[in-house]
file run01.txt (compact mmCIF, C-alpha atoms)
# COMPACT_ATOMS: atom_id res chain seq x y z
CA MET A 159 16.88 8.23 2.15
CA THR A 160 13.48 9.75 1.40
CA ASP A 161 13.58 8.82 -2.30
CA LYS A 162 14.80 5.34 -1.45
CA PHE A 163 11.63 4.49 0.47
CA GLN A 164 9.07 6.54 -1.46
CA PHE A 165 7.49 3.39 -2.95
CA ILE A 166 6.55 1.95 0.47
CA PRO A 167 3.44 4.11 1.17
CA SER A 168 2.21 3.47 -2.39
CA LEU A 169 2.66 -0.26 -1.82
CA PHE A 170 0.30 -0.22 1.15
CA THR A 171 -2.19 1.96 -0.76
CA SER A 172 -2.15 -0.68 -3.50
CA LEU A 173 -2.71 -3.40 -0.90
CA ASN A 174 -5.69 -1.41 0.39
CA PHE A 175 -7.19 -1.58 -3.12
CA PHE A 176 -6.20 -5.23 -3.55
CA PHE A 177 -7.69 -6.55 -0.32
CA GLY A 178 -10.80 -4.39 -0.79
CA PHE A 179 -11.39 -5.89 -4.23
CA PHE A 180 -10.56 -9.37 -2.91
CA SER A 181 -13.25 -8.90 -0.25
CA ILE A 182 -15.77 -8.01 -2.95
CA ALA A 183 -14.76 -11.13 -4.91
CA LYS A 184 -15.24 -13.30 -1.82
CA THR A 185 -18.66 -11.76 -1.22
CA VAL A 186 -19.66 -12.62 -4.79
CA GLU A 187 -18.43 -16.19 -4.20
CA GLY A 188 -20.53 -16.38 -1.03
CA ASN A 189 -17.60 -16.62 1.39
CA LEU A 190 -18.70 -13.76 3.62
CA HIS A 191 -16.45 -14.75 6.51
CA ALA A 192 -13.35 -14.36 4.34
CA ALA A 193 -14.78 -11.13 2.89
CA ALA A 194 -14.98 -9.63 6.39
CA TRP A 195 -11.36 -10.54 7.12
CA PHE A 196 -10.13 -9.02 3.86
CA ILE A 197 -11.92 -5.76 4.70
CA ILE A 198 -9.99 -5.69 7.98
CA LEU A 199 -6.70 -6.38 6.17
CA ALA A 200 -7.44 -3.61 3.66
CA ILE A 201 -8.19 -1.08 6.40
CA LEU A 202 -5.02 -2.04 8.29
CA CYS A 203 -3.02 -1.35 5.11
CA ASP A 204 -4.87 1.95 4.76
CA GLY A 205 -3.83 2.92 8.27
CA LEU A 206 -0.20 2.13 7.52
CA ASP A 207 0.17 3.96 4.19
CA GLY A 208 -0.55 7.39 5.64
CA LYS A 209 1.73 6.87 8.62
CA LEU A 210 4.54 5.57 6.41
CA ALA A 211 4.11 8.54 4.04
CA ARG A 212 4.53 10.94 6.97
CA TRP A 213 7.47 9.03 8.46
CA THR A 214 9.33 8.93 5.13
CA HIS A 215 8.27 12.50 4.21
CA ASN A 216 6.60 11.28 1.02
CA GLU A 217 3.15 12.84 1.40
CA THR A 218 1.80 14.04 -1.95
CA PRO A 219 -1.61 15.34 -3.12
CA PHE A 220 -1.78 12.46 -5.60
CA GLY A 221 -1.12 9.88 -2.89
CA PHE A 222 -3.70 11.53 -0.64
CA GLU A 223 -6.42 11.35 -3.32
CA LEU A 224 -5.48 7.77 -4.26
CA ASP A 225 -5.74 6.78 -0.62
CA SER A 226 -9.27 8.20 -0.48
CA LEU A 227 -10.31 6.20 -3.53
CA GLY A 228 -8.92 3.08 -1.89
CA ASP A 229 -10.96 3.85 1.24
CA LEU A 230 -14.11 4.12 -0.86
CA VAL A 231 -13.51 0.61 -2.22
CA SER A 232 -12.35 -1.18 0.94
CA SER A 233 -14.32 0.71 3.62
CA GLY A 234 -17.33 1.74 1.53
CA LEU A 235 -18.20 -0.61 -1.32
CA ALA A 236 -16.89 -3.85 0.20
CA PRO A 237 -18.77 -3.49 3.54
CA ALA A 238 -21.95 -2.37 1.74
CA LEU A 239 -21.87 -5.52 -0.42
CA LEU A 240 -21.12 -7.65 2.65
CA LEU A 241 -24.18 -6.24 4.40
CA TYR A 242 -26.37 -6.71 1.35
CA ALA A 243 -25.25 -10.29 0.76
CA GLY A 244 -25.35 -11.00 4.50
CA GLY A 245 -29.07 -10.53 4.71
CA LEU A 246 -30.34 -7.17 3.50
CA TYR A 247 -31.07 -8.61 0.05
CA HIS A 248 -34.15 -10.12 1.70
CA PHE A 249 -35.60 -6.60 1.80
CA HIS A 250 -35.22 -6.29 -1.98
CA PHE A 251 -35.16 -2.65 -3.09
CA LEU A 252 -35.25 -1.31 0.47
CA GLY A 253 -32.15 -3.32 1.36
CA PHE A 254 -30.43 -2.04 -1.78
CA VAL A 255 -31.24 1.57 -0.87
CA ILE A 256 -29.99 1.17 2.71
CA CYS A 257 -26.65 -0.25 1.52
CA PHE A 258 -26.37 2.47 -1.11
CA LEU A 259 -26.91 5.15 1.53
CA TYR A 260 -23.99 3.73 3.50
CA LEU A 261 -21.78 3.84 0.40
CA PHE A 262 -22.87 7.37 -0.52
CA ALA A 263 -22.33 8.60 3.04
CA GLY A 264 -18.82 7.16 2.95
CA GLY A 265 -18.05 8.97 -0.32
CA TYR A 266 -19.52 12.19 1.07
CA ARG A 267 -17.46 11.81 4.23
CA LEU A 268 -14.24 11.37 2.23
CA ALA A 269 -14.97 14.34 -0.02
CA ARG A 270 -15.80 16.55 2.96
CA PHE A 271 -12.60 15.53 4.73
CA ASN A 272 -10.49 16.22 1.64
CA VAL A 273 -12.01 19.67 1.10
CA LEU A 274 -12.80 20.85 4.63
CA GLN A 275 -9.76 19.47 6.44
CA ALA A 276 -7.39 19.01 3.49
CA GLY A 277 -5.84 16.00 5.17
CA ASP A 278 -5.22 17.78 8.49
CA ARG A 279 -5.93 15.27 11.27
CA SER A 280 -4.43 17.37 14.07
CA LYS A 281 -7.84 18.56 15.30
CA GLY A 282 -9.61 15.23 14.85
CA TYR A 283 -12.26 14.29 12.34
CA VAL A 284 -15.64 15.80 11.52
CA GLY A 285 -17.91 12.78 11.23
CA LEU A 286 -17.03 9.14 11.81
CA PRO A 287 -14.07 8.18 9.57
CA ILE A 288 -15.13 5.68 6.91
CA PRO A 289 -12.38 3.15 7.85
CA ILE A 290 -13.90 2.96 11.35
CA ALA A 291 -17.34 2.39 9.83
CA GLY A 292 -16.00 -0.32 7.51
CA MET A 293 -14.10 -2.02 10.31
CA THR A 294 -17.24 -1.97 12.51
CA VAL A 295 -19.30 -3.65 9.78
CA SER A 296 -16.78 -6.45 9.24
CA ALA A 297 -16.22 -6.82 12.99
CA PHE A 298 -19.98 -7.17 13.50
CA TRP A 299 -20.08 -10.01 10.99
CA LEU A 300 -17.26 -11.85 12.76
CA PHE A 301 -18.77 -11.16 16.18
CA LYS A 302 -22.21 -12.41 15.29
CA SER A 303 -20.71 -15.48 13.61
CA SER A 304 -19.04 -16.33 16.94
CA PHE A 305 -21.94 -15.64 19.30
CA PHE A 306 -25.20 -15.20 17.38
CA GLN A 307 -25.60 -17.27 14.24
CA ASN A 308 -29.09 -15.92 13.59
CA VAL A 309 -29.21 -12.16 14.05
CA ALA A 310 -32.47 -10.37 13.27
CA TYR A 311 -32.11 -8.38 10.08
CA GLY A 312 -33.40 -5.35 11.95
CA TRP A 313 -30.03 -5.17 13.70
CA TRP A 314 -28.26 -5.08 10.33
CA ILE A 315 -30.50 -2.21 9.25
CA PHE A 316 -30.00 -0.34 12.52
CA LEU A 317 -26.21 -0.74 12.34
CA ILE A 318 -25.85 0.49 8.78
CA LEU A 319 -28.20 3.45 9.27
CA PHE A 320 -26.41 4.35 12.51
CA LEU A 321 -23.01 4.31 10.80
CA THR A 322 -24.42 6.18 7.80
CA PHE A 323 -25.69 8.96 10.05
CA LEU A 324 -22.41 9.21 11.97
CA MET A 325 -20.35 9.55 8.78
CA VAL A 326 -22.35 12.53 7.50
CA SER A 327 -22.86 14.03 10.96
CA LEU A 328 -20.86 16.89 12.47
CA ILE A 329 -19.83 14.81 15.48
CA GLN A 330 -16.08 15.16 15.99
CA TYR A 331 -13.82 12.19 16.61
CA ASP A 332 -10.28 12.21 17.93
CA TRP A 333 -7.79 9.54 16.93
CA PRO A 334 -6.48 7.64 19.99
CA LYS A 335 -2.86 8.43 20.86
CA LEU A 336 -0.33 6.82 23.15
CA LEU A 337 0.78 9.58 25.57
CA PHE A 338 2.59 8.23 28.62
CA HIS A 339 3.87 11.64 29.63
CA GLY A 340 1.96 14.47 31.24
CA SER A 341 -1.16 13.94 33.32
CA TRP A 342 -2.33 10.69 34.90
CA LYS A 343 -5.38 10.87 32.66
CA ASN A 344 -3.15 10.53 29.58
CA LYS A 345 -1.29 7.61 31.15
CA ILE A 346 -4.50 5.79 32.11
CA GLN A 347 -6.01 6.34 28.65
CA SER A 348 -2.81 5.14 26.98
CA GLY A 349 -2.73 2.07 29.19
CA GLY A 350 -6.33 1.31 28.29
CA LEU A 351 -5.50 1.75 24.61
CA LEU A 352 -2.62 -0.74 24.87
CA ILE A 353 -4.94 -3.27 26.55
CA ALA A 354 -7.52 -2.74 23.79
CA LEU A 355 -4.89 -3.22 21.08
CA GLY A 356 -3.74 -6.42 22.78
CA MET A 357 -7.29 -7.75 22.86
CA MET A 358 -7.74 -6.92 19.18
CA VAL A 359 -4.62 -8.87 18.28
CA LEU A 360 -5.29 -11.89 20.53
CA PHE A 361 -9.09 -12.14 20.27
CA PRO A 362 -10.11 -10.22 17.12
CA ARG A 363 -13.38 -12.05 16.46
CA HIS A 364 -14.60 -11.43 19.98
CA SER A 365 -13.18 -8.00 20.78
CA LEU A 366 -13.13 -5.91 17.59
CA PHE A 367 -16.86 -5.14 17.45
CA PRO A 368 -17.34 -4.22 21.14
CA LEU A 369 -14.19 -2.08 21.15
CA PHE A 370 -15.14 -0.19 18.00
CA LEU A 371 -18.62 0.39 19.42
CA LEU A 372 -16.95 1.74 22.56
CA TYR A 373 -14.84 4.11 20.44
CA ILE A 374 -17.94 5.29 18.57
CA PHE A 375 -19.99 5.99 21.70
CA LEU A 376 -17.08 7.59 23.55
CA GLY A 377 -16.66 9.91 20.57
CA ILE A 378 -20.32 10.88 20.73
CA GLY A 379 -20.10 11.51 24.48
CA ASN A 380 -16.89 13.54 24.25
CA TRP A 381 -18.26 15.64 21.42
CA PHE A 382 -21.39 16.54 23.38
CA LYS A 383 -19.22 17.49 26.36
CA LYS A 384 -17.19 19.84 24.15
CA VAL A 385 -20.36 21.41 22.76
CA LEU A 386 -21.81 21.96 26.24
CA ARG A 387 -18.52 23.49 27.45
CA GLY A 388 -18.32 25.77 24.43
CA GLU A 389 -15.07 24.19 23.24
CA THR A 390 -16.64 23.14 19.92
CA SER A 391 -19.04 25.30 17.98
CA PHE A 392 -21.74 23.26 16.27
CA ILE A 393 -22.85 26.27 14.22
CA GLU A 394 -19.29 27.09 13.08
CA ILE A 395 -18.68 23.56 11.82
CA PHE A 396 -22.09 23.52 10.11
CA LEU A 397 -21.40 26.81 8.32
CA ARG A 398 -17.91 25.69 7.24
CA THR A 399 -19.40 22.46 5.87
CA ALA A 400 -22.22 24.27 4.07
CA LYS A 401 -19.79 26.59 2.28
CA GLN A 402 -17.85 23.70 0.72
call {"tool": "encode", "arguments": {"input": "run01.txt", "output": "structure tokens"}}
result
Amino acid sequence: MTDKFQFIPSLFTSLNFFFGFFSIAKTVEGNLHAAAWFIILAILCDGLDGKLARWTHNETPFGFELDSLGDLVSSGLAPALLLYAGGLYHFHFLGFVICFLYLFAGGYRLARFNVLQAGDRSKGYVGLPIPIAGMTVSAFWLFKSSFFQNVAYGWWIFLILFLTFLMVSLIQYDWPKLLFHGSWKNKIQSGGLLIALGMMVLFPRHSLFPLFLLYIFLGIGNWFKKVLRGETSFIEIFLRTAKQ
């Protein structure tokens, strides 16, 4: 049974590459709206390939590294080009440098995850995962196209520098889980997650950006709580990162 379905995770990894490259092509053509949607499709495929690999017991080091390369294309390069073409090219070399910093931070974040955590997601993530950053960029484009046709370029710069910092930071993020057993807190959080997922499916252009911002800021708040309670050691994570 395992061998029979071993191609499925690789198929979604390939789709991650494909939609990421298609987004870049659409950006070059000037169709930035389509480029944003293809980034979202690529990241959705990226989220499925890892889960399918675990479900079918087909996780391999090669597949893990290939998945990271796909993330760099779809969640790193494609959003950086979207931001540059979307307005940061007006800043000439400065805009180029800002978009490059985002791309470099994404590559650094992937390399640190591969070495420091070796694919282990059980204790969360150190730094904002690059797929979340890429999804936030594309969601911002769709959101502003719906509500604010003319957004000051300063907001573009702030967003990309903010995401760049979070990716290379030591702030820890937990992946949301549906847990309807145990405490009422778990049930309430799971119910809220289901509502958020429903909003993303029904009203993606309007809800994706606010909900991803909520996830980002909740992660920052939860991380600071853990630091203050002594549950997370900032120094320990820093030293582990510096040794790699």
call {"tool": "atom_distance", "arguments": {"input": "run01.txt", "atom1": "atom CA of Phe262 of chain A", "atom2": "atom CA of Gly178 of chain A"}}
result
16.9 Å
call {"tool": "residues_around", "arguments": {"input": "run01.txt", "residues": "segment 314-316 of chain A", "least_positions_apart": "4", "cutoff": "12 Å", "atoms": "only C-alpha atoms", "output": "VMD selection string"}}
result
chain A and resid 237 to 238 240 to 249 252 to 257 259 to 260 294 to 296 298 to 299 302 308 to 310 320 to 323
call {"tool": "axis_aligned_box", "arguments": {"input": "run01.txt", "around": "segment 348-367 of chain A", "padding_each_side": "5 Å", "output": "JSON"}}
result
{"center_x": -9.7, "center_y": -3.5, "center_z": 22.8, "size_x": 24.2, "size_y": 27.3, "size_z": 22.7}
call {"tool": "closest_residue", "arguments": {"input": "run01.txt", "among": "A:Ile201, A:Leu355, A:Ala194, A:Ala297", "to": "Leu371 of chain A", "atoms": "all atoms listed in the file"}}
result
A:Ala297
call {"tool": "closest_residue", "arguments": {"input": "run01.txt", "among": "A:Leu239, A:Leu386, A:Gly377, A:Gly349", "to": "Glu187 of chain A", "atoms": "all atoms listed in the file"}}
result
A:Leu239
call {"tool": "atom_distance", "arguments": {"input": "run01.txt", "atom1": "atom CA of Ile182 of chain A", "atom2": "atom CA of Ala236 of chain A"}}
result
5.3 Å
call {"tool": "closest_residue", "arguments": {"input": "run01.txt", "among": "A:Phe220, A:Tyr266, A:Tyr311, A:Phe170", "to": "Gly205 of chain A", "atoms": "only C-alpha atoms"}}
result
A:Phe170
call {"tool": "closest_residue", "arguments": {"input": "run01.txt", "among": "A:Ile290, A:Val359, A:Ile318, A:Leu268", "to": "Asp332 of chain A", "atoms": "all atoms listed in the file"}}
result
A:Ile290
call {"tool": "atom_distance", "arguments": {"input": "run01.txt", "atom1": "atom CA of Ser303 of chain A", "atom2": "atom CA of Ser327 of chain A"}}
result
29.7 Å
call {"tool": "closest_residue", "arguments": {"input": "run01.txt", "among": "A:Ser181, A:Asn189, A:Thr171, A:Gln330", "to": "Phe271 of chain A", "atoms": "only C-alpha atoms"}}
result
A:Gln330
call {"tool": "residues_around", "arguments": {"input": "run01.txt", "residues": "Ser226 of chain A", "least_positions_apart": "5", "cutoff": "9 Å", "atoms": "only C-alpha atoms", "output": "list of chain:residue names"}}
result
A:Gly221, A:Val231, A:Gly265, A:Leu268, A:Ala269, A:Asn272
call {"tool": "write_last_selection", "arguments": {"input": "run01.txt", "atoms": "C-alpha atoms", "output": "mmCIF file, in the frame of the given file"}}
result
data_model
loop_
_atom_site.group_PDB
_atom_site.id
_atom_site.type_symbol
_atom_site.label_atom_id
_atom_site.label_comp_id
_atom_site.auth_asym_id
_atom_site.auth_seq_id
_atom_site.Cartn_x
_atom_site.Cartn_y
_atom_site.Cartn_z
ATOM 1 C CA GLY A 221 -1.120 9.880 -2.890
ATOM 2 C CA VAL A 231 -13.510 0.610 -2.220
ATOM 3 C CA GLY A 265 -18.050 8.970 -0.320
ATOM 4 C CA LEU A 268 -14.240 11.370 2.230
ATOM 5 C CA ALA A 269 -14.970 14.340 -0.020
ATOM 6 C CA ASN A 272 -10.490 16.220 1.640
#
call {"tool": "closest_residue", "arguments": {"input": "run01.txt", "among": "A:Leu202, A:Leu319, A:Met325, A:Thr218", "to": "Ala263 of chain A", "atoms": "all atoms listed in the file"}}
result
A:Met325
call {"tool": "residues_near_point", "arguments": {"input": "run01.txt", "point": "(-9.7, 15.9, 19.5)", "cutoff": "9 Å", "atoms": "only C-alpha atoms", "output": "number ranges by chain"}}
result
A: 280-283, 330-334, 380-381
